[in-house]
Amino acid sequence: MNKLFLLFIALFFATFSYASKDIKPVAFNTGSNVCFVGDSITHSGKYIKNIVLFYATRYPSDKVNFYNIGIGGDGISYVNRRFQKDVLSHSPNFAVLMIGMNDTGTLKENPTHLDRSNIKKNREMYVKYLDEIIKKAQNANCQLILFAPSPYDENAKLKNVPVRFGKHKELEHLSDLCRRMAFKHRLPLVDMWNYMMDIDTIVQKEYPKLTMAGGDRIHPRDMGGYVMMANFIRTLAEHRDISTVEIDAEKSKLEFSYNCNVSNLKATKTSVVFDSLEYSLPFPLNNDTKFIEKYIHFVKDYNRQIIKVMNLQKGDYNLIIDGKIVGKYSSDELSKGLNIGNNPKTPQYAQAMQVEKASFEFRDYCVMLREIDAIERWQSLYLIDSTEDRIAKVEKDLKENKITRPYIKTRALLYKERKLKQAEMFEKSRTLFDEIYKVATPQKHTFELKKISK
């Protein structure tokens with residue numbers, strides 16, 4: 001009996017201690033390895049950085065290990081070829097695949113001379129290779145999440161960027177093929193094509209030169225990466241709330257708390273003081289994401305950090321966090337529930353901005369790291385076994401001026417140095433990733449409401 005009683009007490013306190021931490025990632029298990037696989041849109045890491053930022057701020061104690069496995073210029077056939085070595089080598093529990101921008105076939109700039117000779121073949125190959133990738137993932141117990149490809153924007157009024165007519169519609173078709181394959185294999189699908197086009201349709205009524213697909217009609221920048229993240233998080237139904245605290249000032253009583261641990265509460269009808277350890281942070285915005293937020297309303301829906309204080313004396317109150325005034329609010333606002341999730345003056349928001357900075361550093365380093373694999377794909381070095389022979393091939397091609405495109409040439413010139421340090425660079429990328437979660441570690445803050453004397 002005593003043993004049973006002690007077990008009950010242990011279970012009770014274990015449950016109670018966890019009760020204030022109310023959320024965990026929905027799409028991924030804590031500790032999961034997640035590989036983002038794709039072409040240059042993935043390689044550039046714009047949407048990955050925002051997804052990493054969301055999970056690190058929303059679930060800082062439930063680390064998910066994200067990997068950028070994109071290669072610029074890639075298509076589905078090479079993704080299939082490299083899937084075992086480049087993706088499954090990370091022992092992923094999940095792989096997120098967005099591919100198709102380079103699988104649309106030969107499309108002319110003049111719509112009257114549209115060459116569709118390769119379209120049917122490309123579609124068949126797309127389905128064939130996608131099916132093979134799905135089977136490889138299943139055999140490795142890796143859950144595949146399909147991203148329907150992001151769009152090529154024919155509609156934006158961009159100067160000096162001619163339209164490759166037909167590419168837009170072909171990506172729509174590949175998006176539909178993704179949808180069918182997701183249904184056939186019962187896979188999660190994040191529809192980027194339709195979502196981003198819907199946003200573009202709304203935005204371009206006011207700003208016809210603006211596009212989520214970026215200035216070249218293809219590569220989303222920070223704004224587009226934010227839109228992609230929002231669609232990802234919404235589709236996978238991640239938690240919307242940061243935390244909630246509800247206090248009855250008259251009773252000096254904590255009525256309700258969610259995803260936070262409230263302590264040291266002292267309240268009267270004209271003042272409230274308490275400590276709170278919140279287990280999530282707000283999602284921070286920068287200049288690009290602030291602009292597009294008014295169209296997608298992501299942080300409006302997901303940055304819900306609620307403070308509700310009932311039975312305060314009528315009047316205005318300063319909200320003070322860690323000794324600093326972060327806002328002035330009326331007793332009516334506080335009684336209805338005040339959302340401070342989008343208040344940039346709070347220390348929680350400042351901490352989230354530091355998490356964003358760390359996410360940027362991780363993204364930038366991964367872009368450089370993935371350029372090693374990109375050179376090997378662009379120069380067909382994957383057909384060569386040894387590192388020494390691969391380096392020799394690149395140096396020979398450079399010497400004979402066979403690599404002429406400026407972007408590729410600058411990366412080829414760095415290939416030898418980077419290839420010899422590839423393992424070391426990979427480890428540094430993981431150190432940078434770990435730093436994101438260290439910066440996001442939950443911190444206790446002291447909240448105070450003081451009535452403003454008139």
# chains A, B, ... in the order shown; residues from 1 in each chain; ligands from 1
>>> residues_around(residues="A:Tyr226", least_positions_apart="2", cutoff="7 Å", atoms="only C-alpha atoms", output="short mmCIF file (atom, residue, chain, number, x, y, z; two decimals) with N, CA, C and O atoms, in the first residue's frame")
data_model
loop_
_atom_site.label_atom_id
_atom_site.label_comp_id
_atom_site.auth_asym_id
_atom_site.auth_seq_id
_atom_site.Cartn_x
_atom_site.Cartn_y
_atom_site.Cartn_z
N TYR A 47 12.66 29.83 -46.83
CA TYR A 47 11.50 29.31 -46.09
C TYR A 47 11.95 28.43 -44.92
O TYR A 47 11.29 28.39 -43.88
N ASN A 50 12.60 30.44 -41.74
CA ASN A 50 11.38 30.84 -41.05
C ASN A 50 10.72 29.67 -40.33
O ASN A 50 10.16 29.84 -39.25
N ASP A 222 12.94 36.92 -48.66
CA ASP A 222 12.50 36.80 -47.26
C ASP A 222 10.98 36.86 -47.14
O ASP A 222 10.38 36.12 -46.36
N MET A 223 10.37 37.75 -47.90
CA MET A 223 8.92 37.90 -47.83
C MET A 223 8.23 36.61 -48.29
O MET A 223 7.30 36.11 -47.64
N GLY A 224 8.69 36.07 -49.42
CA GLY A 224 8.12 34.83 -49.92
C GLY A 224 8.38 33.66 -48.99
O GLY A 224 7.53 32.79 -48.81
N MET A 228 5.66 31.16 -47.29
CA MET A 228 5.76 29.70 -47.37
C MET A 228 5.71 29.07 -45.99
O MET A 228 5.05 28.04 -45.77
N MET A 229 6.41 29.66 -45.04
CA MET A 229 6.39 29.17 -43.66
C MET A 229 4.97 29.20 -43.10
O MET A 229 4.51 28.24 -42.48
N ALA A 230 4.27 30.31 -43.33
CA ALA A 230 2.91 30.46 -42.80
C ALA A 230 2.01 29.35 -43.33
O ALA A 230 1.21 28.77 -42.58
N THR A 289 8.75 40.98 -43.70
CA THR A 289 7.61 40.19 -43.23
C THR A 289 6.53 41.08 -42.62
O THR A 289 5.35 40.71 -42.64
#
>>> residues_around(residues="stretch 262-264 of chain A", least_positions_apart="2", cutoff="7 Å", atoms="only C-alpha atoms", output="PDB file with all heavy atoms, in the first residue's frame")
ATOM      1  N   CYS A 260       2.653  28.223 -19.306  1.00  0.00           N
ATOM      2  CA  CYS A 260       3.552  29.057 -18.509  1.00  0.00           C
ATOM      3  C   CYS A 260       3.432  28.656 -17.041  1.00  0.00           C
ATOM      4  O   CYS A 260       2.448  28.033 -16.638  1.00  0.00           O
ATOM      5  CB  CYS A 260       3.248  30.545 -18.684  1.00  0.00           C
ATOM      6  SG  CYS A 260       1.578  31.020 -18.189  1.00  0.00           S
ATOM      7  N   LYS A 266       1.038  38.704  -6.342  1.00  0.00           N
ATOM      8  CA  LYS A 266       0.527  39.630  -5.342  1.00  0.00           C
ATOM      9  C   LYS A 266      -0.341  40.646  -6.070  1.00  0.00           C
ATOM     10  O   LYS A 266       0.126  41.310  -7.003  1.00  0.00           O
ATOM     11  CB  LYS A 266       1.672  40.338  -4.619  1.00  0.00           C
ATOM     12  CG  LYS A 266       2.583  39.415  -3.816  1.00  0.00           C
ATOM     13  CD  LYS A 266       3.725  40.178  -3.182  1.00  0.00           C
ATOM     14  CE  LYS A 266       4.653  39.237  -2.426  1.00  0.00           C
ATOM     15  NZ  LYS A 266       5.818  39.966  -1.839  1.00  0.00           N
ATOM     16  N   PHE A 274       3.585  39.594 -10.603  1.00  0.00           N
ATOM     17  CA  PHE A 274       3.784  38.138 -10.627  1.00  0.00           C
ATOM     18  C   PHE A 274       4.982  37.805 -11.507  1.00  0.00           C
ATOM     19  O   PHE A 274       5.412  38.594 -12.350  1.00  0.00           O
ATOM     20  CB  PHE A 274       2.532  37.416 -11.147  1.00  0.00           C
ATOM     21  CG  PHE A 274       2.161  37.750 -12.572  1.00  0.00           C
ATOM     22  CD1 PHE A 274       2.622  36.981 -13.642  1.00  0.00           C
ATOM     23  CD2 PHE A 274       1.335  38.840 -12.857  1.00  0.00           C
ATOM     24  CE1 PHE A 274       2.271  37.283 -14.946  1.00  0.00           C
ATOM     25  CE2 PHE A 274       0.976  39.143 -14.157  1.00  0.00           C
ATOM     26  CZ  PHE A 274       1.448  38.368 -15.215  1.00  0.00           C
ATOM     27  N   ASP A 275       5.536  36.634 -11.276  1.00  0.00           N
ATOM     28  CA  ASP A 275       6.590  36.096 -12.133  1.00  0.00           C
ATOM     29  C   ASP A 275       5.973  35.062 -13.070  1.00  0.00           C
ATOM     30  O   ASP A 275       5.044  34.336 -12.677  1.00  0.00           O
ATOM     31  CB  ASP A 275       7.689  35.418 -11.311  1.00  0.00           C
ATOM     32  CG  ASP A 275       8.468  36.410 -10.460  1.00  0.00           C
ATOM     33  OD1 ASP A 275       8.560  37.589 -10.870  1.00  0.00           O
ATOM     34  OD2 ASP A 275       8.975  36.009  -9.392  1.00  0.00           O
ATOM     35  N   SER A 276       6.481  34.995 -14.281  1.00  0.00           N
ATOM     36  CA  SER A 276       5.975  33.997 -15.227  1.00  0.00           C
ATOM     37  C   SER A 276       7.123  33.441 -16.063  1.00  0.00           C
ATOM     38  O   SER A 276       7.901  34.202 -16.654  1.00  0.00           O
ATOM     39  CB  SER A 276       4.912  34.595 -16.146  1.00  0.00           C
ATOM     40  OG  SER A 276       4.415  33.610 -17.046  1.00  0.00           O
ATOM     41  N   LEU A 277       7.213  32.138 -16.077  1.00  0.00           N
ATOM     42  CA  LEU A 277       8.135  31.446 -16.974  1.00  0.00           C
ATOM     43  C   LEU A 277       7.301  30.919 -18.133  1.00  0.00           C
ATOM     44  O   LEU A 277       6.572  29.929 -17.998  1.00  0.00           O
ATOM     45  CB  LEU A 277       8.839  30.294 -16.249  1.00  0.00           C
ATOM     46  CG  LEU A 277       9.756  29.423 -17.104  1.00  0.00           C
ATOM     47  CD1 LEU A 277      10.912  30.237 -17.676  1.00  0.00           C
ATOM     48  CD2 LEU A 277      10.297  28.256 -16.280  1.00  0.00           C
TER      49      LEU A 277
END
>>> select_by_dssp(residues="stretch 94-244 of chain A", states="strand (DSSP E)", output="number ranges by chain")
A: 94-98, 143-148, 189-191, 241-244
>>> write_last_selection(atoms="all heavy atoms", output="compact mmCIF listing (two decimals), in the first residue's frame")
# COMPACT_ATOMS: atom_id res chain seq x y z
N PHE A 94 11.62 12.52 -40.88
CA PHE A 94 10.75 13.19 -41.85
C PHE A 94 11.60 13.79 -42.96
O PHE A 94 12.73 14.24 -42.70
CB PHE A 94 9.95 14.32 -41.18
CG PHE A 94 9.06 13.89 -40.06
CD1 PHE A 94 9.56 13.77 -38.76
CD2 PHE A 94 7.73 13.59 -40.28
CE1 PHE A 94 8.75 13.37 -37.71
CE2 PHE A 94 6.91 13.19 -39.24
CZ PHE A 94 7.42 13.08 -37.95
N ALA A 95 11.07 13.80 -44.17
CA ALA A 95 11.70 14.53 -45.27
C ALA A 95 10.62 15.37 -45.94
O ALA A 95 9.53 14.88 -46.23
CB ALA A 95 12.33 13.58 -46.28
N VAL A 96 10.91 16.65 -46.13
CA VAL A 96 9.98 17.58 -46.77
C VAL A 96 10.51 17.85 -48.17
O VAL A 96 11.60 18.39 -48.34
CB VAL A 96 9.89 18.89 -45.96
CG1 VAL A 96 8.88 19.83 -46.61
CG2 VAL A 96 9.49 18.61 -44.52
N LEU A 97 9.75 17.46 -49.18
CA LEU A 97 10.22 17.53 -50.57
C LEU A 97 9.44 18.57 -51.36
O LEU A 97 8.21 18.49 -51.48
CB LEU A 97 10.07 16.17 -51.24
CG LEU A 97 10.40 16.12 -52.74
CD1 LEU A 97 11.87 16.47 -53.00
CD2 LEU A 97 10.07 14.74 -53.33
N MET A 98 10.16 19.56 -51.90
CA MET A 98 9.57 20.50 -52.85
C MET A 98 10.46 20.53 -54.09
O MET A 98 11.58 21.01 -54.05
CB MET A 98 9.45 21.91 -52.27
CG MET A 98 8.73 22.86 -53.25
SD MET A 98 8.47 24.53 -52.60
CE MET A 98 10.12 25.18 -52.69
N GLN A 143 8.93 9.57 -42.85
CA GLN A 143 7.66 10.15 -43.28
C GLN A 143 7.92 11.28 -44.27
O GLN A 143 8.60 12.25 -43.95
CB GLN A 143 6.89 10.70 -42.08
CG GLN A 143 5.67 11.54 -42.42
CD GLN A 143 4.54 10.74 -43.02
OE1 GLN A 143 3.98 9.87 -42.36
NE2 GLN A 143 4.21 11.01 -44.28
N LEU A 144 7.39 11.15 -45.48
CA LEU A 144 7.58 12.19 -46.50
C LEU A 144 6.42 13.18 -46.44
O LEU A 144 5.26 12.79 -46.34
CB LEU A 144 7.64 11.55 -47.88
CG LEU A 144 8.27 12.37 -49.01
CD1 LEU A 144 9.74 12.64 -48.72
CD2 LEU A 144 8.12 11.66 -50.34
N ILE A 145 6.76 14.46 -46.45
CA ILE A 145 5.78 15.54 -46.56
C ILE A 145 6.02 16.21 -47.91
O ILE A 145 7.14 16.66 -48.19
CB ILE A 145 5.93 16.55 -45.42
CG1 ILE A 145 5.72 15.88 -44.07
CG2 ILE A 145 4.96 17.72 -45.60
CD1 ILE A 145 6.02 16.78 -42.88
N LEU A 146 5.00 16.26 -48.75
CA LEU A 146 5.16 16.84 -50.08
C LEU A 146 4.79 18.32 -50.08
O LEU A 146 3.74 18.70 -49.56
CB LEU A 146 4.29 16.11 -51.10
CG LEU A 146 4.64 14.65 -51.39
CD1 LEU A 146 3.71 14.09 -52.45
CD2 LEU A 146 6.09 14.51 -51.83
N PHE A 147 5.68 19.14 -50.64
CA PHE A 147 5.36 20.53 -50.96
C PHE A 147 4.99 20.57 -52.43
O PHE A 147 5.83 20.26 -53.27
CB PHE A 147 6.62 21.41 -50.79
CG PHE A 147 6.80 22.04 -49.45
CD1 PHE A 147 6.26 21.48 -48.32
CD2 PHE A 147 7.54 23.19 -49.33
CE1 PHE A 147 6.44 22.06 -47.08
CE2 PHE A 147 7.74 23.79 -48.09
CZ PHE A 147 7.19 23.22 -46.96
N ALA A 148 3.76 20.93 -52.75
CA ALA A 148 3.48 21.22 -54.15
C ALA A 148 4.35 22.40 -54.54
O ALA A 148 4.47 23.37 -53.78
CB ALA A 148 2.00 21.55 -54.34
N LEU A 189 0.35 16.94 -47.51
CA LEU A 189 0.64 17.83 -48.64
C LEU A 189 0.52 19.28 -48.20
O LEU A 189 -0.49 19.67 -47.60
CB LEU A 189 -0.33 17.57 -49.80
CG LEU A 189 -0.21 18.53 -50.98
CD1 LEU A 189 1.01 18.17 -51.83
CD2 LEU A 189 -1.47 18.52 -51.84
N VAL A 190 1.54 20.07 -48.51
CA VAL A 190 1.48 21.52 -48.31
C VAL A 190 1.44 22.14 -49.70
O VAL A 190 2.39 22.05 -50.46
CB VAL A 190 2.71 22.03 -47.53
CG1 VAL A 190 2.61 23.53 -47.33
CG2 VAL A 190 2.83 21.31 -46.19
N ASP A 191 0.31 22.75 -50.04
CA ASP A 191 0.09 23.26 -51.39
C ASP A 191 0.67 24.66 -51.53
O ASP A 191 0.01 25.65 -51.25
CB ASP A 191 -1.41 23.26 -51.70
CG ASP A 191 -1.69 23.60 -53.17
OD1 ASP A 191 -0.77 24.08 -53.86
OD2 ASP A 191 -2.83 23.39 -53.62
N ASP A 241 -1.18 29.38 -29.80
CA ASP A 241 -1.02 30.19 -28.60
C ASP A 241 0.39 30.10 -28.02
O ASP A 241 1.00 29.02 -27.99
CB ASP A 241 -2.02 29.77 -27.53
CG ASP A 241 -3.45 30.10 -27.94
OD1 ASP A 241 -3.62 30.98 -28.79
OD2 ASP A 241 -4.38 29.48 -27.40
N ILE A 242 0.89 31.24 -27.54
CA ILE A 242 2.17 31.30 -26.83
C ILE A 242 1.92 30.98 -25.36
O ILE A 242 2.51 30.05 -24.81
CB ILE A 242 2.80 32.70 -26.98
CG1 ILE A 242 3.13 32.97 -28.45
CG2 ILE A 242 4.05 32.82 -26.11
CD1 ILE A 242 3.48 34.42 -28.72
N SER A 243 1.05 31.75 -24.73
CA SER A 243 0.75 31.56 -23.31
C SER A 243 -0.49 32.36 -22.96
O SER A 243 -0.88 33.29 -23.68
CB SER A 243 1.92 31.99 -22.43
OG SER A 243 2.17 33.38 -22.58
N THR A 244 -1.09 32.01 -21.82
CA THR A 244 -2.23 32.75 -21.28
C THR A 244 -2.12 32.81 -19.76
O THR A 244 -1.83 31.80 -19.12
CB THR A 244 -3.57 32.09 -21.67
OG1 THR A 244 -3.68 32.01 -23.09
CG2 THR A 244 -4.75 32.88 -21.11
>>> residues_around(residues="A:His219", least_positions_apart="6", cutoff="9 Å", atoms="only C-alpha atoms", output="MDAnalysis selection string")
chainID A and resid 40:41 44 150 152 212:213
>>> closest_residue(among="A:Ile51, A:Met101, A:Val272, A:Cys366", to="A:Val227", atoms="only C-alpha atoms")
A:Ile51
>>> atom_distance(atom1="atom CA of A:Leu285", atom2="atom CA of A:Met353")
8.2 Å
>>> closest_residue(among="A:Ile292, A:Leu53, A:Leu449, A:Leu338", to="A:Asp322", atoms="only C-alpha atoms")
A:Leu449
>>> closest_residue(among="A:Arg240, A:Arg390, A:Lys402, A:Lys290", to="A:Gly341", atoms="only C-alpha atoms")
A:Arg240
>>> residues_around(residues="A:Ala412", least_positions_apart="2", cutoff="8 Å", atoms="only C-alpha atoms", output="mmCIF file with N, CA and C atoms, in the first residue's frame")
data_model
loop_
_atom_site.group_PDB
_atom_site.id
_atom_site.type_symbol
_atom_site.label_atom_id
_atom_site.label_comp_id
_atom_site.auth_asym_id
_atom_site.auth_seq_id
_atom_site.Cartn_x
_atom_site.Cartn_y
_atom_site.Cartn_z
ATOM 1 N N ILE A 375 28.156 22.021 -56.585
ATOM 2 C CA ILE A 375 29.222 21.900 -57.576
ATOM 3 C C ILE A 375 29.323 20.459 -58.070
ATOM 4 N N VAL A 394 37.638 19.468 -61.109
ATOM 5 C CA VAL A 394 37.230 20.870 -61.028
ATOM 6 C C VAL A 394 38.391 21.782 -61.400
ATOM 7 N N LEU A 398 38.506 24.381 -64.529
ATOM 8 C CA LEU A 398 38.786 25.804 -64.335
ATOM 9 C C LEU A 398 39.968 26.245 -65.186
ATOM 10 N N ILE A 408 28.668 29.888 -60.896
ATOM 11 C CA ILE A 408 29.248 28.552 -60.732
ATOM 12 C C ILE A 408 30.764 28.635 -60.612
ATOM 13 N N LYS A 409 31.370 29.539 -61.376
ATOM 14 C CA LYS A 409 32.830 29.645 -61.357
ATOM 15 C C LYS A 409 33.341 30.077 -59.981
ATOM 16 N N THR A 410 32.682 31.034 -59.361
ATOM 17 C CA THR A 410 33.134 31.491 -58.035
ATOM 18 C C THR A 410 33.036 30.369 -57.011
ATOM 19 N N LEU A 414 36.224 27.798 -55.005
ATOM 20 C CA LEU A 414 36.281 27.505 -53.569
ATOM 21 C C LEU A 414 36.117 26.017 -53.267
ATOM 22 N N TYR A 415 35.881 25.222 -54.308
ATOM 23 C CA TYR A 415 35.504 23.819 -54.102
ATOM 24 C C TYR A 415 36.568 23.030 -53.347
ATOM 25 N N LYS A 416 37.837 23.126 -53.755
ATOM 26 C CA LYS A 416 38.896 22.339 -53.125
ATOM 27 C C LYS A 416 38.985 22.640 -51.629
#
>>> select_by_dssp(residues="stretch 246-435 of chain A", states="helix (DSSP H, G or I)", output="MDAnalysis selection string")
chainID A and resid 287:296 298:302 331:336 347:378 381:383 387:399 406:413 415:420 422:435
>>> atom_distance(atom1="atom CA of A:Leu174", atom2="atom CA of A:Arg81")
19.5 Å
>>> atom_distance(atom1="atom CA of A:Ala374", atom2="atom CA of A:Ile436")
25.5 Å
>>> closest_residue(among="A:Lys450, A:Leu381, A:Ala392, A:Glu356", to="A:Thr270", atoms="only C-alpha atoms")
A:Lys450
>>> residues_around(residues="A:Lys419", least_positions_apart="3", cutoff="10 Å", atoms="only C-alpha atoms", output="JSON, numbers by chain")
{"A": [369, 371, 372, 373, 387, 388, 390, 391, 414, 415, 416, 422, 423, 424, 425]}
>>> residues_around(residues="A:Gly38", least_positions_apart="5", cutoff="7 Å", atoms="only C-alpha atoms", output="PyMOL selection string")
chain A and resi 69-71+74+97-99
>>> write_last_selection(atoms="all heavy atoms", output="short mmCIF file (atom, residue, chain, number, x, y, z; two decimals), in the first residue's frame")
data_model
loop_
_atom_site.label_atom_id
_atom_site.label_comp_id
_atom_site.auth_asym_id
_atom_site.auth_seq_id
_atom_site.Cartn_x
_atom_site.Cartn_y
_atom_site.Cartn_z
N ILE A 69 18.82 20.24 -47.33
CA ILE A 69 19.38 19.29 -48.29
C ILE A 69 18.99 19.73 -49.71
O ILE A 69 18.69 18.92 -50.59
CB ILE A 69 18.88 17.84 -48.02
CG1 ILE A 69 18.98 17.52 -46.53
CG2 ILE A 69 19.72 16.83 -48.80
CD1 ILE A 69 20.38 17.45 -45.98
N GLY A 70 18.94 21.05 -49.92
CA GLY A 70 18.62 21.57 -51.25
C GLY A 70 19.87 21.72 -52.11
O GLY A 70 20.97 21.91 -51.60
N ILE A 71 19.69 21.65 -53.43
CA ILE A 71 20.77 21.90 -54.38
C ILE A 71 20.21 22.76 -55.51
O ILE A 71 19.25 22.39 -56.18
CB ILE A 71 21.34 20.59 -54.97
CG1 ILE A 71 22.09 19.81 -53.89
CG2 ILE A 71 22.27 20.89 -56.14
CD1 ILE A 71 22.71 18.51 -54.39
N ASP A 74 18.46 21.77 -59.17
CA ASP A 74 18.13 20.35 -59.11
C ASP A 74 16.75 20.06 -59.70
O ASP A 74 15.87 20.92 -59.75
CB ASP A 74 18.19 19.86 -57.66
CG ASP A 74 18.57 18.39 -57.57
OD1 ASP A 74 18.75 17.75 -58.62
OD2 ASP A 74 18.70 17.89 -56.44
N LEU A 97 9.75 17.46 -49.18
CA LEU A 97 10.22 17.53 -50.57
C LEU A 97 9.44 18.57 -51.36
O LEU A 97 8.21 18.49 -51.48
CB LEU A 97 10.07 16.17 -51.24
CG LEU A 97 10.40 16.12 -52.74
CD1 LEU A 97 11.87 16.47 -53.00
CD2 LEU A 97 10.07 14.74 -53.33
N MET A 98 10.16 19.56 -51.90
CA MET A 98 9.57 20.50 -52.85
C MET A 98 10.46 20.53 -54.09
O MET A 98 11.58 21.01 -54.05
CB MET A 98 9.45 21.91 -52.27
CG MET A 98 8.73 22.86 -53.25
SD MET A 98 8.47 24.53 -52.60
CE MET A 98 10.12 25.18 -52.69
N ILE A 99 9.94 20.03 -55.20
CA ILE A 99 10.72 19.95 -56.42
C ILE A 99 9.79 20.13 -57.63
O ILE A 99 8.62 19.76 -57.56
CB ILE A 99 11.49 18.60 -56.51
CG1 ILE A 99 12.64 18.68 -57.49
CG2 ILE A 99 10.54 17.45 -56.78
CD1 ILE A 99 13.82 19.48 -56.99
#
>>> residues_around(residues="A:Ile306", least_positions_apart="3", cutoff="12 Å", atoms="only C-alpha atoms", output="MDAnalysis selection string")
chainID A and resid 240:247 256:260 278 282 302:303 309 333:343
>>> closest_residue(among="A:Val52, A:Gln443, A:Gly215, A:Lys205", to="A:Ile233", atoms="only C-alpha atoms")
A:Val52
>>> closest_residue(among="A:Met192, A:Met125, A:Leu210, A:Ile384", to="A:Ser175", atoms="only C-alpha atoms")
A:Met192
